[in-house]
Every structure is written in structure tokens, then in C-alpha cells.
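Structure data follow from target-v4.json (JSON, C-alpha atoms):
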[["chain", "number", "residue", "atom", "x", "y", "z"],
["A", 1, "MET", "CA", -3.36, 27.03, 23.75],
["A", 2, "ILE", "CA", -3.79, 25.57, 20.27],
["A", 3, "PRO", "CA", -5.98, 27.63, 17.98],
["A", 4, "PHE", "CA", -8.69, 25.52, 16.39],
["A", 5, "THR", "CA", -8.53, 27.16, 13.01],
["A", 6, "SER", "CA", -10.13, 25.79, 9.89],
["A", 7, "GLU", "CA", -6.64, 24.86, 8.66],
["A", 8, "TRP", "CA", -5.98, 22.90, 11.86],
["A", 9, "ARG", "CA", -9.33, 21.10, 11.58],
["A", 10, "ALA", "CA", -8.63, 20.26, 7.93],
["A", 11, "ALA", "CA", -5.20, 18.87, 8.83],
["A", 12, "GLN", "CA", -6.77, 16.74, 11.59],
["A", 13, "ALA", "CA", -9.36, 15.42, 9.14],
["A", 14, "ARG", "CA", -6.61, 14.53, 6.62],
["A", 15, "GLN", "CA", -4.69, 12.66, 9.34],
["A", 16, "GLN", "CA", -7.84, 10.72, 10.29],
["A", 17, "ASN", "CA", -8.43, 9.85, 6.62],
["A", 18, "ALA", "CA", -4.84, 8.64, 6.30],
["A", 19, "ARG", "CA", -5.14, 6.51, 9.45],
["A", 20, "ARG", "CA", -8.41, 4.99, 8.24],
["A", 21, "TYR", "CA", -6.87, 4.19, 4.84],
["A", 22, "VAL", "CA", -3.74, 2.67, 6.39],
["A", 23, "GLY", "CA", -5.88, 0.68, 8.82],
["A", 24, "ALA", "CA", -7.63, -0.94, 5.86],
["A", 25, "ALA", "CA", -4.28, -1.62, 4.18],
["A", 26, "MET", "CA", -2.92, -3.30, 7.30],
["A", 27, "ALA", "CA", -5.56, -6.03, 7.17],
["A", 28, "ASP", "CA", -4.16, -9.53, 7.22],
["A", 29, "PRO", "CA", -3.98, -11.36, 3.90],
["A", 30, "LEU", "CA", -6.44, -14.16, 3.22],
["A", 31, "ASP", "CA", -5.35, -17.52, 4.65],
["A", 32, "ASP", "CA", -5.84, -19.09, 1.21],
["A", 33, "ASP", "CA", -3.37, -16.61, -0.30],
["A", 34, "VAL", "CA", -0.89, -17.27, 2.52],
["A", 35, "ARG", "CA", -1.09, -21.03, 1.96],
["A", 36, "TRP", "CA", -0.71, -20.53, -1.79],
["A", 37, "LEU", "CA", 2.38, -18.27, -1.52],
["A", 38, "SER", "CA", 3.87, -20.49, 1.13],
["A", 39, "GLY", "CA", 3.65, -23.50, -1.17],
["A", 40, "ALA", "CA", 4.46, -21.69, -4.41],
["A", 41, "ALA", "CA", 7.48, -19.69, -3.30],
["A", 42, "ALA", "CA", 8.20, -19.58, 0.43],
["A", 43, "ALA", "CA", 9.26, -23.21, 0.93],
["A", 44, "GLY", "CA", 6.25, -23.92, 3.16],
["A", 45, "ASP", "CA", 6.96, -21.00, 5.53],
["A", 46, "GLU", "CA", 3.50, -19.50, 6.14],
["A", 47, "ASP", "CA", 4.79, -16.78, 8.45],
["A", 48, "HIS", "CA", 7.19, -15.54, 5.77],
["A", 49, "ALA", "CA", 4.45, -15.74, 3.13],
["A", 50, "ARG", "CA", 2.04, -13.80, 5.38],
["A", 51, "TRP", "CA", 4.59, -11.01, 5.92],
["A", 52, "GLU", "CA", 5.43, -10.81, 2.22],
["A", 53, "LEU", "CA", 1.73, -10.40, 1.43],
["A", 54, "ARG", "CA", 1.38, -7.75, 4.16],
["A", 55, "TYR", "CA", 4.35, -5.84, 2.75],
["A", 56, "ALA", "CA", 2.94, -6.16, -0.77],
["A", 57, "ARG", "CA", -0.43, -4.75, 0.32],
["A", 58, "LEU", "CA", 1.16, -1.87, 2.27],
["A", 59, "SER", "CA", 3.40, -1.00, -0.67],
["A", 60, "THR", "CA", 0.42, -1.12, -3.00],
["A", 61, "ALA", "CA", -1.54, 1.15, -0.65],
["A", 62, "VAL", "CA", 1.16, 3.82, -0.75],
["A", 63, "PHE", "CA", 1.54, 3.68, -4.52],
["A", 64, "VAL", "CA", -2.20, 3.71, -5.22],
["A", 65, "ALA", "CA", -2.51, 6.78, -3.00],
["A", 66, "GLU", "CA", 0.39, 8.50, -4.73],
["A", 67, "ARG", "CA", -1.09, 7.75, -8.13],
["A", 68, "ASP", "CA", -4.80, 8.29, -7.50],
["A", 69, "ALA", "CA", -5.17, 10.77, -4.63],
["A", 70, "LEU", "CA", -6.91, 14.06, -5.26],
["A", 71, "ASP", "CA", -4.43, 16.02, -3.14],
["A", 72, "ASP", "CA", -0.64, 15.91, -3.47],
["A", 73, "ARG", "CA", -0.29, 15.81, 0.34],
["A", 74, "THR", "CA", -2.14, 12.52, 0.61],
["A", 75, "GLY", "CA", 0.84, 10.29, -0.21],
["A", 76, "SER", "CA", 3.06, 11.78, 2.47],
["A", 77, "GLU", "CA", 0.22, 11.77, 5.01],
["A", 78, "ILE", "CA", -0.36, 8.09, 4.31],
["A", 79, "VAL", "CA", 3.34, 7.27, 4.70],
["A", 80, "ALA", "CA", 3.33, 9.08, 8.08],
["A", 81, "ALA", "CA", 0.21, 7.13, 9.15],
["A", 82, "LEU", "CA", 1.84, 3.91, 7.97],
["A", 83, "HIS", "CA", 4.89, 4.50, 10.17],
["A", 84, "GLU", "CA", 2.55, 5.31, 13.06],
["A", 85, "GLY", "CA", 0.67, 2.08, 12.43],
["A", 86, "LEU", "CA", 3.82, -0.03, 12.28],
["A", 87, "ALA", "CA", 5.06, 1.49, 15.55],
["A", 88, "THR", "CA", 1.97, 0.18, 17.34],
["A", 89, "ASP", "CA", 1.28, -2.99, 15.31],
["A", 90, "GLU", "CA", 0.75, -5.80, 17.83],
["A", 91, "ARG", "CA", 1.79, -8.37, 15.20],
["A", 92, "ILE", "CA", 5.35, -7.02, 15.36],
["A", 93, "ALA", "CA", 7.48, -7.77, 18.42],
["A", 94, "PRO", "CA", 8.83, -4.50, 19.84],
["A", 95, "ASP", "CA", 12.43, -5.60, 19.35],
["A", 96, "LEU", "CA", 11.71, -6.38, 15.66],
["A", 97, "ARG", "CA", 10.03, -3.09, 14.68],
["A", 98, "VAL", "CA", 13.22, -1.66, 13.17],
["A", 99, "LEU", "CA", 13.68, -4.85, 11.13],
["A", 100, "ALA", "CA", 10.06, -4.73, 9.94],
["A", 101, "GLU", "CA", 10.46, -1.08, 8.87],
["A", 102, "ARG", "CA", 13.66, -1.94, 7.00],
["A", 103, "GLN", "CA", 12.04, -4.93, 5.30],
["A", 104, "LEU", "CA", 9.05, -2.83, 4.26],
["A", 105, "SER", "CA", 11.38, -0.16, 2.90],
["A", 106, "ASP", "CA", 13.27, -2.77, 0.86],
["A", 107, "ARG", "CA", 10.01, -4.20, -0.49],
["A", 108, "MET", "CA", 8.65, -0.77, -1.33],
["A", 109, "GLN", "CA", 11.73, 0.00, -3.36],
["A", 110, "GLY", "CA", 11.25, -3.15, -5.45],
["A", 111, "TYR", "CA", 7.51, -2.69, -5.83],
["A", 112, "ARG", "CA", 7.84, 1.02, -6.67],
["A", 113, "GLU", "CA", 9.98, 0.26, -9.70],
["A", 114, "ALA", "CA", 7.51, -2.36, -10.93],
["A", 115, "PHE", "CA", 4.38, -0.31, -10.09],
["A", 116, "PHE", "CA", 5.46, 2.81, -11.94],
["A", 117, "SER", "CA", 7.37, 1.16, -14.80],
["A", 118, "ARG", "CA", 6.31, 2.01, -18.31],
["A", 119, "GLY", "CA", 6.94, 0.08, -21.47],
["A", 120, "GLY", "CA", 9.05, -3.02, -21.74],
["A", 121, "ALA", "CA", 8.18, -6.54, -22.75],
["A", 122, "THR", "CA", 6.10, -7.24, -19.62],
["A", 123, "GLY", "CA", 3.26, -5.25, -18.08],
["A", 124, "THR", "CA", 3.02, -3.74, -14.63],
["A", 125, "SER", "CA", 0.94, -6.63, -13.24],
["A", 126, "GLU", "CA", 3.47, -9.20, -14.34],
["A", 127, "ASN", "CA", 6.36, -7.13, -12.99],
["A", 128, "LEU", "CA", 4.62, -6.80, -9.61],
["A", 129, "GLY", "CA", 3.95, -10.54, -9.52],
["A", 130, "ARG", "CA", 7.62, -11.26, -10.19],
["A", 131, "VAL", "CA", 8.62, -8.92, -7.35],
["A", 132, "LEU", "CA", 6.30, -10.72, -4.91],
["A", 133, "LEU", "CA", 7.64, -14.12, -5.91],
["A", 134, "SER", "CA", 11.21, -12.85, -5.72],
["A", 135, "PHE", "CA", 10.80, -11.51, -2.18],
["A", 136, "ALA", "CA", 8.99, -14.67, -1.07],
["A", 137, "SER", "CA", 11.85, -16.85, -2.25],
["A", 138, "ASP", "CA", 15.10, -16.28, -4.11],
["A", 139, "GLY", "CA", 14.56, -19.45, -6.12],
["A", 140, "ALA", "CA", 10.87, -18.94, -6.92],
["A", 141, "ARG", "CA", 9.62, -19.69, -10.40],
["A", 142, "SER", "CA", 8.54, -16.47, -12.00],
["A", 143, "ALA", "CA", 6.35, -17.87, -14.75],
["A", 144, "GLY", "CA", 3.37, -20.16, -15.04],
["A", 145, "ALA", "CA", 0.79, -20.72, -12.33],
["A", 146, "PRO", "CA", 2.67, -18.96, -9.51],
["A", 147, "LEU", "CA", 3.04, -15.80, -11.59],
["A", 148, "ALA", "CA", -0.60, -15.79, -12.66],
["A", 149, "ARG", "CA", -1.77, -16.13, -9.06],
["A", 150, "ALA", "CA", 0.72, -13.50, -7.84],
["A", 151, "THR", "CA", -0.55, -10.99, -10.40],
["A", 152, "ALA", "CA", -4.16, -11.76, -9.46],
["A", 153, "VAL", "CA", -3.49, -11.29, -5.73],
["A", 154, "LEU", "CA", -1.70, -7.98, -6.30],
["A", 155, "ALA", "CA", -4.37, -6.75, -8.73],
["A", 156, "GLY", "CA", -6.91, -7.48, -5.99],
["A", 157, "TYR", "CA", -4.85, -5.45, -3.51],
["A", 158, "SER", "CA", -4.74, -2.55, -5.95],
["A", 159, "LEU", "CA", -8.54, -2.61, -6.36],
["A", 160, "GLU", "CA", -9.05, -2.86, -2.58],
["A", 161, "CYS", "CA", -6.69, 0.05, -1.96],
["A", 162, "ASN", "CA", -8.38, 2.18, -4.59],
["A", 163, "ALA", "CA", -11.78, 1.50, -3.00],
["A", 164, "ALA", "CA", -10.38, 2.26, 0.47],
["A", 165, "LEU", "CA", -8.88, 5.50, -0.85],
["A", 166, "ARG", "CA", -12.26, 6.60, -2.18],
["A", 167, "GLU", "CA", -13.91, 5.55, 1.10],
["A", 168, "ALA", "CA", -11.43, 7.56, 3.18],
["A", 169, "TYR", "CA", -11.02, 10.60, 0.94],
["A", 170, "GLY", "CA", -14.05, 10.68, -1.32],
["A", 171, "THR", "CA", -14.47, 10.42, -5.06],
["A", 172, "ALA", "CA", -13.36, 13.06, -7.48],
["A", 173, "ASN", "CA", -16.25, 15.06, -8.86],
["A", 174, "LEU", "CA", -14.83, 16.81, -11.90],
["A", 175, "PRO", "CA", -16.82, 18.55, -14.61],
["A", 176, "GLU", "CA", -16.71, 16.49, -17.78],
["A", 177, "HIS", "CA", -15.96, 19.49, -19.99],
["A", 178, "LEU", "CA", -12.81, 20.57, -18.07],
["A", 179, "PRO", "CA", -9.46, 18.82, -17.58],
["A", 180, "PRO", "CA", -8.40, 18.41, -13.91],
["A", 181, "SER", "CA", -5.66, 21.04, -14.37],
["A", 182, "GLU", "CA", -8.33, 23.71, -14.93],
["A", 183, "VAL", "CA", -10.44, 22.91, -11.86],
["A", 184, "ALA", "CA", -10.15, 24.84, -8.56],
["A", 185, "GLY", "CA", -7.27, 27.08, -9.47],
["A", 186, "GLY", "CA", -5.16, 24.34, -11.05],
["A", 187, "LYS", "CA", -4.53, 26.61, -14.00]]
Could you spell out this file's structure in C-alpha cells?
Amino acid sequence: MIPFTSEWRAAQARQQNARRYVGAAMADPLDDDVRWLSGAAAAGDEDHARWELRYARLSTAVFVAERDALDDRTGSEIVAALHEGLATDERIAPDLRVLAERQLSDRMQGYREAFFSRGGATGTSENLGRVLLSFASDGARSAGAPLARATAVLAGYSLECNAALREAYGTANLPEHLPPSEVAGGK
């Protein structure tokens, strides 16, 4: 028999929050964005463009959670929920699930470096846009109109993920006179 302790209930609630957040992140990209990326970088391949945008949104969801979550456990809980979601995603053929996981892992590695980079001649948004265009096509132009649109799409994903994070986990309510490190035993 499983004891229904307050710790167990809290863990269940965190898992539900993670699943809800990942569910929002797994939404399909807008058809207009798919058509744009297909024409701008993916040599007309809308399926490839759609998957690159899905991977970009999922990567963004993980990084936004790691950066903005109120609890250090949130990032790992979201990664676990993401793997759960991919294992049952009807858009992925069962025999291609391992490939999809590997592709997402490769994309996350590229996006992580761009998302958390500091300094340099280009900003985070531009770096993320270049990563998207690079994954969509090896020969993609990385400047001009495609880059501007790529940065706008990814900035939109970041805002959506941040809103979904607040929806799933709540908004921080910190006293204005105290730094976060001094709240709730953080000292």
C-alpha cells in the first residue's frame, strides 16, 4: 500500500504541472511559420521545417523552465515529462521514436549553447535564430530576412513557454524588500 503523504501528493502535483507545461510546449507550430521556414531554409520540405520548429519549441521550453522556475526540481521534472510525452506522441511513428529522441537531444545541445551564451558580438536571440536556420538546412543563409524571422519565431516561443510555466506552476510572489536568496530559508 502506498502511503498518501503530503510529500507524495506534492510530488504528484509537480508531475501534473510538468505534464501540463510539456503538453503546451508540444503544440504544433503555426502553419505560416512552417511554410516560412520551409521556403527560407528547408528547401521546400514542410515536414522537416515542422519538426525543426517542434524541436526548437521543446528545447526552448526546457531552457525557460531551467532559467525561470521557482524550484530547482522543475527542470528535471519537465525533462522527464518531455520524454514521457515523446514516448506516446502520435505524430512519431513507433519505429522512429529513438531517432526523434536523438534528434531532439542534438538540437537541445545546439540551442543550449545559444540560449545560455553570454557576451560576444551577437545576442542570444540572433544566436538562437542561427541555430534554427542551421538545423533546418546546412546551406541556410544566416543573415537578413530569414534570420530576423527566425529570431522573432523563437522569441515568441520563449514568451509562450514563460506564460505556460507561470500557468502550470504559478507566479513568484516575493517581497520587494528581500532578495530571493533570503526568502523561505534560502539564506
Enumerate, as an NGL selection string, the protein, DNA and RNA residues whose atoms approach (11.4, 1.3, -6.0) to within 12 Å, taking into account all atoms listed in the file and the coordinate frame of the file. :A and (59-60 or 62-63 or 104-117 or 128 or 131)
Give me the stretch 49-74 of chain A side of the contact with stretch 39-44 of chain A, cut-off 12 Å, one line per residue showing its nearest atom pair and distance in Å at one decimal, counting all atoms listed in the file, sorted by chain and residue number, as JSON lines.
{"residue": "A:Ala49", "atom": "CA", "partner": "A:Ala42", "partner_atom": "CA", "distance": 6.0}
{"residue": "A:Arg50", "atom": "CA", "partner": "A:Ala42", "partner_atom": "CA", "distance": 9.8}
{"residue": "A:Trp51", "atom": "CA", "partner": "A:Ala42", "partner_atom": "CA", "distance": 10.8}
{"residue": "A:Glu52", "atom": "CA", "partner": "A:Ala42", "partner_atom": "CA", "distance": 9.4}
{"residue": "A:Leu53", "atom": "CA", "partner": "A:Ala42", "partner_atom": "CA", "distance": 11.3}
Could you take the residues named above and write them with C-alpha atoms, as a CSV table (one decimal), in the frame of the given file?
chain,number,residue,atom,x,y,z
A,49,ALA,CA,4.4,-15.7,3.1
A,50,ARG,CA,2.0,-13.8,5.4
A,51,TRP,CA,4.6,-11.0,5.9
A,52,GLU,CA,5.4,-10.8,2.2
A,53,LEU,CA,1.7,-10.4,1.4
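Distance annotation: of A:Pro29, A:Ala61, A:Thr151, A:Asn162, the residue with the minimal separation from A:Gly75 is A:Ala61; atom set is only C-alpha atoms.
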With only C-alpha atoms as the atoms that count, which of A:Gln103, A:Asn127, A:Gln12, A:Thr171 lies nearest to A:Leu58? A:Gln103
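One finds atom CA of A:Thr74 at 15.8 Å from atom CA of A:Trp8.
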Given the choices A:Ala155, A:Leu37, A:Leu70, A:Ala81, which gets closest to A:Ala18 if the distance is worked out from only C-alpha atoms? A:Ala81
So which residues touch A:Ala25 within 10 Å, counting all atoms listed in the file, skipping near sequence neighbours fewer than 3 positions away, as a ChimeraX atom specification? /A:19-22,28-29,54-62,82,157,160-161,164-165
What does the distance from atom CA of A:Ala136 to atom CA of A:His48 come to in Å, to one decimal? 7.1 Å
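Atom CA of A:Gly156 to atom CA of A:Trp36 spans 15.0 Å [interatomic distance, one decimal].
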Saving stretch 34-49 of chain A with N, CA and C atoms, as an mmCIF file, in the first residue's frame, what would that file be?
data_model
loop_
_atom_site.group_PDB
_atom_site.id
_atom_site.type_symbol
_atom_site.label_atom_id
_atom_site.label_comp_id
_atom_site.auth_asym_id
_atom_site.auth_seq_id
_atom_site.Cartn_x
_atom_site.Cartn_y
_atom_site.Cartn_z
ATOM 1 N N VAL A 34 5.729 27.290 -40.505
ATOM 2 C CA VAL A 34 6.230 26.102 -41.212
ATOM 3 C C VAL A 34 6.505 26.441 -42.669
ATOM 4 N N ARG A 35 5.549 27.118 -43.312
ATOM 5 C CA ARG A 35 5.746 27.500 -44.726
ATOM 6 C C ARG A 35 6.946 28.427 -44.868
ATOM 7 N N TRP A 36 7.070 29.392 -43.938
ATOM 8 C CA TRP A 36 8.201 30.304 -43.997
ATOM 9 C C TRP A 36 9.528 29.545 -43.888
ATOM 10 N N LEU A 37 9.683 28.702 -42.853
ATOM 11 C CA LEU A 37 10.956 28.006 -42.650
ATOM 12 C C LEU A 37 11.235 27.037 -43.795
ATOM 13 N N SER A 38 10.192 26.432 -44.287
ATOM 14 C CA SER A 38 10.349 25.524 -45.421
ATOM 15 C C SER A 38 10.948 26.255 -46.625
ATOM 16 N N GLY A 39 10.431 27.434 -46.901
ATOM 17 C CA GLY A 39 10.931 28.209 -48.041
ATOM 18 C C GLY A 39 12.254 28.901 -47.772
ATOM 19 N N ALA A 40 12.470 29.325 -46.533
ATOM 20 C CA ALA A 40 13.674 30.090 -46.202
ATOM 21 C C ALA A 40 14.897 29.219 -45.993
ATOM 22 N N ALA A 41 14.694 27.977 -45.526
ATOM 23 C CA ALA A 41 15.872 27.189 -45.173
ATOM 24 C C ALA A 41 15.768 25.699 -45.459
ATOM 25 N N ALA A 42 14.574 25.149 -45.529
ATOM 26 C CA ALA A 42 14.430 23.695 -45.604
ATOM 27 C C ALA A 42 14.165 23.183 -47.016
ATOM 28 N N ALA A 43 14.533 23.950 -48.011
ATOM 29 C CA ALA A 43 14.413 23.533 -49.414
ATOM 30 C C ALA A 43 13.008 23.044 -49.769
ATOM 31 N N GLY A 44 11.994 23.716 -49.211
ATOM 32 C CA GLY A 44 10.612 23.375 -49.526
ATOM 33 C C GLY A 44 10.052 22.186 -48.761
ATOM 34 N N ASP A 45 10.803 21.591 -47.877
ATOM 35 C CA ASP A 45 10.377 20.407 -47.126
ATOM 36 C C ASP A 45 9.614 20.847 -45.868
ATOM 37 N N GLU A 46 8.286 20.879 -45.968
ATOM 38 C CA GLU A 46 7.468 21.341 -44.847
ATOM 39 C C GLU A 46 7.513 20.395 -43.656
ATOM 40 N N ASP A 47 7.626 19.097 -43.898
ATOM 41 C CA ASP A 47 7.710 18.156 -42.781
ATOM 42 C C ASP A 47 8.983 18.405 -41.974
ATOM 43 N N HIS A 48 10.093 18.595 -42.657
ATOM 44 C CA HIS A 48 11.358 18.887 -41.965
ATOM 45 C C HIS A 48 11.247 20.210 -41.205
ATOM 46 N N ALA A 49 10.686 21.224 -41.839
ATOM 47 C CA ALA A 49 10.527 22.525 -41.196
ATOM 48 C C ALA A 49 9.646 22.403 -39.951
#
